[in-house]
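Here is the structure we will look at.
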Amino acid sequence: MQFLIETDIMTDYLLASQKGKTILREALTTGICYTTMFNALELFRAAVTQDERDAVLRLLMVVRVLGFNARFAQSFAETALEIEHATGIIPSHREALTIGMAKASKLTILTKVYFDRYHAMKVVPVIRSSEEVPSA
């Protein structure tokens, strides 16, 4: 299984005790975890101290960071338009980047905070925990 890890899941991991059970730890034992450059940016923007920035950097060495390039722009925009036409939901740029990357990379989005919104867009599988992996 391959997951696109949303910022909320990584934030929970960073705030948990080192030995505490987290959704990210479960996902890492279940499959390969990715995130986007935008999610990494959000984590670094939230980090205040050098220790916090170091913790973010250590996390991003475990979770593979996917970048954006020009070849994705058109397909991500088309996906956002498909969502709008099919559901009436107008994705934000952030959502279009996340959904677009998940679709292009064939990843299941793992999030709690954004679950309802992504699920309503009906483009890619979205789960709240790695235990909810959809059957193939």
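In the structure tokens, the first chain shown is A, the next is B, and so on; residue numbers restart at 1 for each chain, and ligands run from 1 in the order shown.
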Inset, instruction - Would you kindly return, as a ChimeraX atom specification, each protein, DNA or RNA residue with an atom no farther than 12 Å from any atom of Leu15 of chain A, considering only C-alpha atoms and excluding same-chain residues fewer than 2 positions away? - result: /A:8-13,17-22,24,43,47,52,55-56,59
With all heavy atoms retained, write the just-selected residues as a compact mmCIF listing (two decimals), in the first residue's frame.
```txt
# COMPACT_ATOMS: atom_id res chain seq x y z
N ASP A 8 -1.81 16.97 8.77
CA ASP A 8 -2.36 16.70 10.09
C ASP A 8 -1.81 15.41 10.69
O ASP A 8 -1.52 15.35 11.90
CB ASP A 8 -3.89 16.68 10.07
CG ASP A 8 -4.48 15.59 9.18
OD1 ASP A 8 -4.03 15.43 8.03
OD2 ASP A 8 -5.41 14.89 9.64
N ILE A 9 -1.60 14.40 9.86
CA ILE A 9 -1.08 13.12 10.35
C ILE A 9 0.38 13.27 10.77
O ILE A 9 0.80 12.72 11.80
CB ILE A 9 -1.23 12.03 9.25
CG1 ILE A 9 -2.71 11.84 8.86
CG2 ILE A 9 -0.57 10.73 9.68
CD1 ILE A 9 -3.61 11.35 9.98
N MET A 10 1.14 14.04 10.01
CA MET A 10 2.55 14.26 10.36
C MET A 10 2.67 15.14 11.60
O MET A 10 3.55 14.91 12.44
CB MET A 10 3.30 14.86 9.17
CG MET A 10 3.45 13.87 8.03
SD MET A 10 4.46 14.46 6.66
CE MET A 10 3.41 15.74 5.99
N THR A 11 1.78 16.10 11.75
CA THR A 11 1.79 16.95 12.94
C THR A 11 1.51 16.11 14.18
O THR A 11 2.18 16.25 15.21
CB THR A 11 0.76 18.09 12.81
OG1 THR A 11 1.11 18.88 11.68
CG2 THR A 11 0.74 18.96 14.05
N ASP A 12 0.51 15.22 14.09
CA ASP A 12 0.22 14.32 15.22
C ASP A 12 1.45 13.50 15.60
O ASP A 12 1.75 13.31 16.78
CB ASP A 12 -0.94 13.38 14.88
CG ASP A 12 -2.29 14.08 14.85
OD1 ASP A 12 -2.39 15.24 15.28
OD2 ASP A 12 -3.25 13.45 14.36
N TYR A 13 2.15 13.00 14.60
CA TYR A 13 3.36 12.21 14.83
C TYR A 13 4.42 13.05 15.56
O TYR A 13 5.03 12.60 16.52
CB TYR A 13 3.91 11.71 13.50
CG TYR A 13 5.28 11.11 13.57
CD1 TYR A 13 5.46 9.78 13.95
CD2 TYR A 13 6.41 11.86 13.29
CE1 TYR A 13 6.72 9.22 14.04
CE2 TYR A 13 7.68 11.32 13.37
CZ TYR A 13 7.83 10.00 13.75
OH TYR A 13 9.09 9.46 13.84
N SER A 17 4.55 11.28 21.82
CA SER A 17 5.76 10.81 22.49
C SER A 17 6.51 9.89 21.53
O SER A 17 5.93 9.32 20.61
CB SER A 17 5.41 10.05 23.77
OG SER A 17 4.78 8.83 23.47
N GLN A 18 7.80 9.76 21.75
CA GLN A 18 8.63 8.98 20.82
C GLN A 18 8.18 7.53 20.68
O GLN A 18 8.39 6.92 19.64
CB GLN A 18 10.09 9.04 21.25
CG GLN A 18 10.71 10.39 20.98
CD GLN A 18 12.19 10.39 21.28
OE1 GLN A 18 12.74 9.43 21.81
NE2 GLN A 18 12.85 11.49 20.93
N LYS A 19 7.60 6.99 21.73
CA LYS A 19 7.18 5.59 21.66
C LYS A 19 5.67 5.45 21.53
O LYS A 19 5.15 4.35 21.49
CB LYS A 19 7.66 4.84 22.90
CG LYS A 19 9.18 4.75 22.96
CD LYS A 19 9.64 3.97 24.16
CE LYS A 19 11.17 3.95 24.18
NZ LYS A 19 11.69 3.24 25.33
N GLY A 20 4.96 6.58 21.45
CA GLY A 20 3.51 6.55 21.36
C GLY A 20 3.01 6.03 20.03
O GLY A 20 3.68 6.14 19.01
N LYS A 21 1.82 5.45 20.06
CA LYS A 21 1.20 4.93 18.84
C LYS A 21 0.64 6.11 18.04
O LYS A 21 -0.05 6.96 18.59
CB LYS A 21 0.08 3.97 19.21
CG LYS A 21 -0.61 3.35 18.03
CD LYS A 21 -1.69 2.38 18.48
CE LYS A 21 -2.43 1.85 17.28
NZ LYS A 21 -3.52 0.96 17.67
N THR A 22 0.98 6.17 16.75
CA THR A 22 0.44 7.20 15.89
C THR A 22 -0.02 6.57 14.58
O THR A 22 0.42 5.47 14.21
CB THR A 22 1.47 8.31 15.56
OG1 THR A 22 2.52 7.74 14.77
CG2 THR A 22 2.04 8.94 16.81
N LEU A 24 0.74 7.65 11.65
CA LEU A 24 1.89 7.60 10.75
C LEU A 24 2.76 6.37 11.02
O LEU A 24 3.19 5.69 10.09
CB LEU A 24 2.73 8.88 10.84
CG LEU A 24 3.96 8.91 9.94
CD1 LEU A 24 3.59 8.70 8.47
CD2 LEU A 24 4.73 10.20 10.12
N LEU A 43 4.77 22.18 7.41
CA LEU A 43 5.44 21.75 8.65
C LEU A 43 6.57 22.70 9.03
O LEU A 43 6.70 23.08 10.20
CB LEU A 43 5.98 20.33 8.50
CG LEU A 43 4.94 19.22 8.38
CD1 LEU A 43 5.61 17.90 8.05
CD2 LEU A 43 4.10 19.11 9.64
N ALA A 47 7.07 25.21 12.41
CA ALA A 47 8.19 24.99 13.34
C ALA A 47 8.76 26.33 13.79
O ALA A 47 9.09 27.18 12.96
CB ALA A 47 9.27 24.15 12.65
N GLU A 52 12.47 22.00 16.62
CA GLU A 52 11.28 21.65 15.87
C GLU A 52 11.61 21.50 14.38
O GLU A 52 11.14 20.57 13.73
CB GLU A 52 10.18 22.71 16.05
CG GLU A 52 9.60 22.70 17.45
CD GLU A 52 8.66 23.86 17.72
OE1 GLU A 52 8.65 24.85 16.92
OE2 GLU A 52 7.94 23.81 18.72
N ALA A 55 13.30 18.23 13.93
CA ALA A 55 12.34 17.11 13.99
C ALA A 55 11.59 16.97 12.66
O ALA A 55 11.38 15.85 12.18
CB ALA A 55 11.36 17.33 15.14
N VAL A 56 11.22 18.09 12.06
CA VAL A 56 10.55 18.05 10.76
C VAL A 56 11.48 17.44 9.72
O VAL A 56 11.08 16.57 8.95
CB VAL A 56 10.08 19.46 10.32
CG1 VAL A 56 9.64 19.47 8.86
CG2 VAL A 56 8.97 19.97 11.23
N LEU A 59 11.70 13.73 10.12
CA LEU A 59 10.47 13.11 9.62
C LEU A 59 10.49 13.01 8.10
O LEU A 59 10.14 11.98 7.52
CB LEU A 59 9.25 13.91 10.08
CG LEU A 59 7.92 13.56 9.41
CD1 LEU A 59 7.54 12.11 9.65
CD2 LEU A 59 6.84 14.50 9.89
```
Legend entry - Spatial neighbours of Leu110 of chain A, 12 Å, only C-alpha atoms, chain gap at least 6 places, as a ChimeraX atom specification: /A:1-10,23-24,26-28,31-35,98-99,102,116,118-119,124-134
Please write the residues from the selection above to a file, keeping C-alpha atoms, as a tab-separated table (two decimals), in the first residue's frame.
```
chain	number	residue	atom	x	y	z
A	1	MET	CA	0.00	0.00	0.00
A	2	GLN	CA	1.17	3.52	-0.74
A	3	PHE	CA	-0.08	6.55	1.15
A	4	LEU	CA	-0.03	10.30	0.61
A	5	ILE	CA	0.32	11.58	4.16
A	6	GLU	CA	-1.45	14.85	4.93
A	7	THR	CA	0.01	17.50	7.22
A	8	ASP	CA	-2.36	16.70	10.09
A	9	ILE	CA	-1.08	13.12	10.35
A	10	MET	CA	2.55	14.26	10.36
A	23	ILE	CA	-1.34	6.79	12.57
A	24	LEU	CA	1.89	7.60	10.75
A	26	GLU	CA	1.08	2.40	11.64
A	27	ALA	CA	1.19	3.53	8.02
A	28	LEU	CA	4.97	3.19	7.89
A	31	GLY	CA	3.28	0.55	3.30
A	32	ILE	CA	5.30	3.31	1.69
A	33	CYS	CA	4.53	6.86	2.79
A	34	TYR	CA	4.78	9.97	0.67
A	35	THR	CA	3.89	13.60	1.20
A	98	THR	CA	-2.90	17.23	-2.97
A	99	ILE	CA	-5.65	15.43	-4.88
A	102	ALA	CA	-2.48	11.49	-5.17
A	116	ASP	CA	-14.66	14.53	4.69
A	118	TYR	CA	-11.39	14.81	0.08
A	119	HIS	CA	-13.86	11.94	0.34
A	124	VAL	CA	-8.90	9.03	-4.99
A	125	PRO	CA	-9.21	6.69	-2.01
A	126	VAL	CA	-9.11	8.56	1.31
A	127	ILE	CA	-8.70	6.91	4.69
A	128	ARG	CA	-8.35	8.00	8.33
A	129	SER	CA	-5.97	5.24	9.40
A	130	SER	CA	-3.80	2.65	7.71
A	131	GLU	CA	-6.17	0.01	9.11
A	132	GLU	CA	-8.85	1.27	6.70
A	133	VAL	CA	-6.92	0.23	3.59
A	134	PRO	CA	-9.45	-0.36	0.82
```
Inset, instruction - Could you tell me, as a ChimeraX atom specification, which residues of segment 15-114 of chain A DSSP assigns to strand (DSSP E or B) when given the backbone? - result: /A:32-36,64-66,108-110
For the residues in that selection, give me all heavy atoms as a tab-separated table (two decimals), in the first residue's frame.
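File part_0.tsv, as written:
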```
chain	number	residue	atom	x	y	z
A	32	ILE	N	4.37	2.22	1.98
A	32	ILE	CA	5.30	3.31	1.69
A	32	ILE	C	4.55	4.62	1.83
A	32	ILE	O	3.44	4.77	1.33
A	32	ILE	CB	5.88	3.17	0.27
A	32	ILE	CG1	6.59	1.83	0.13
A	32	ILE	CG2	6.82	4.32	-0.06
A	32	ILE	CD1	6.98	1.48	-1.29
A	33	CYS	N	5.18	5.58	2.52
A	33	CYS	CA	4.53	6.86	2.79
A	33	CYS	C	5.20	7.99	2.02
A	33	CYS	O	6.42	8.11	2.01
A	33	CYS	CB	4.58	7.16	4.28
A	33	CYS	SG	3.63	5.98	5.27
A	34	TYR	N	4.35	8.79	1.42
A	34	TYR	CA	4.78	9.97	0.67
A	34	TYR	C	4.06	11.18	1.23
A	34	TYR	O	3.03	11.06	1.89
A	34	TYR	CB	4.39	9.85	-0.82
A	34	TYR	CG	5.03	8.71	-1.54
A	34	TYR	CD1	4.46	7.44	-1.52
A	34	TYR	CD2	6.21	8.88	-2.25
A	34	TYR	CE1	5.04	6.37	-2.20
A	34	TYR	CE2	6.80	7.82	-2.93
A	34	TYR	CZ	6.21	6.58	-2.89
A	34	TYR	OH	6.79	5.54	-3.57
A	35	THR	N	4.58	12.34	0.95
A	35	THR	CA	3.89	13.60	1.20
A	35	THR	C	4.29	14.54	0.08
A	35	THR	O	5.07	14.17	-0.79
A	35	THR	CB	4.21	14.16	2.60
A	35	THR	OG1	3.24	15.16	2.93
A	35	THR	CG2	5.61	14.72	2.69
A	36	THR	N	3.74	15.73	0.10
A	36	THR	CA	4.09	16.67	-0.96
A	36	THR	C	5.01	17.76	-0.42
A	36	THR	O	5.08	17.98	0.79
A	36	THR	CB	2.84	17.35	-1.55
A	36	THR	OG1	2.29	18.25	-0.58
A	36	THR	CG2	1.81	16.32	-2.00
A	64	ARG	N	8.74	10.06	2.04
A	64	ARG	CA	9.26	10.55	0.75
A	64	ARG	C	8.48	11.79	0.31
A	64	ARG	O	7.25	11.79	0.31
A	64	ARG	CB	9.15	9.47	-0.30
A	64	ARG	CG	9.97	8.24	0.07
A	64	ARG	CD	9.72	7.10	-0.88
A	64	ARG	NE	10.43	5.92	-0.41
A	64	ARG	CZ	10.52	4.80	-1.09
A	64	ARG	NH1	9.94	4.70	-2.27
A	64	ARG	NH2	11.17	3.78	-0.60
A	65	VAL	N	9.20	12.83	-0.07
A	65	VAL	CA	8.58	14.10	-0.45
A	65	VAL	C	8.49	14.19	-1.98
A	65	VAL	O	9.50	14.11	-2.67
A	65	VAL	CB	9.36	15.31	0.12
A	65	VAL	CG1	8.69	16.62	-0.29
A	65	VAL	CG2	9.47	15.20	1.64
A	66	LEU	N	7.26	14.36	-2.47
A	66	LEU	CA	7.01	14.50	-3.89
A	66	LEU	C	6.94	15.98	-4.25
A	66	LEU	O	6.25	16.75	-3.59
A	66	LEU	CB	5.69	13.82	-4.27
A	66	LEU	CG	5.59	12.33	-3.94
A	66	LEU	CD1	4.16	11.84	-4.15
A	66	LEU	CD2	6.56	11.54	-4.81
A	108	THR	N	-3.23	6.59	-1.92
A	108	THR	CA	-4.37	6.77	-1.05
A	108	THR	C	-4.03	7.88	-0.06
A	108	THR	O	-2.98	7.83	0.59
A	108	THR	CB	-4.67	5.46	-0.28
A	108	THR	OG1	-5.04	4.46	-1.23
A	108	THR	CG2	-5.79	5.65	0.73
A	109	ILE	N	-4.90	8.87	0.06
A	109	ILE	CA	-4.65	9.96	1.00
A	109	ILE	C	-4.98	9.50	2.41
A	109	ILE	O	-6.04	8.92	2.65
A	109	ILE	CB	-5.48	11.21	0.64
A	109	ILE	CG1	-5.07	11.73	-0.73
A	109	ILE	CG2	-5.30	12.30	1.70
A	109	ILE	CD1	-5.90	12.89	-1.23
A	110	LEU	N	-4.08	9.78	3.34
A	110	LEU	CA	-4.26	9.44	4.74
A	110	LEU	C	-4.39	10.74	5.53
A	110	LEU	O	-3.44	11.53	5.61
A	110	LEU	CB	-3.07	8.62	5.24
A	110	LEU	CG	-3.06	8.13	6.68
A	110	LEU	CD1	-4.32	7.34	7.02
A	110	LEU	CD2	-1.82	7.29	6.95
```
Inset, instruction - Extract the full set of helix (DSSP H, G or I) residues from chain A according to DSSP on the backbone, and format it as a ChimeraX atom specification. - result: /A:7-15,23-30,37-46,50-62,70-87,93-105,115-121,130-132
Inset, instruction - Can you work out the spacing between atom CA of Leu97 of chain A and atom CA of Phe76 of chain A in Å, to one decimal? - result: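 Pair atom CA of Leu97 of chain A / atom CA of Phe76 of chain A returns 6.4 Å.
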Legend entry - Top pick for closest residue to Ile83 of chain A, considering A:Arg117, A:Ser105, A:Leu14, A:Met61 and counting only C-alpha atoms: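 Ranked by minimum distance to Ile83 of chain A, first place goes to A:Arg117.
Closest approach to Ala73 of chain A from the set A:Leu57, A:Ala40, A:Ala104, A:Val123 is made by A:Ala104, with distances taken over only C-alpha atoms.
In terms of minimum interatomic distance to Ala77 of chain A, A:Ile90 ranks closest within A:Leu60, A:Met37, A:Val48, A:Ile90, counting only C-alpha atoms.
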Legend entry - Atom pair atom CA of Gln74 of chain A / atom CA of Gly88 of chain A: separation (Å):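 Atom-to-atom, atom CA of Gln74 of chain A and atom CA of Gly88 of chain A are spaced 20.0 Å apart.
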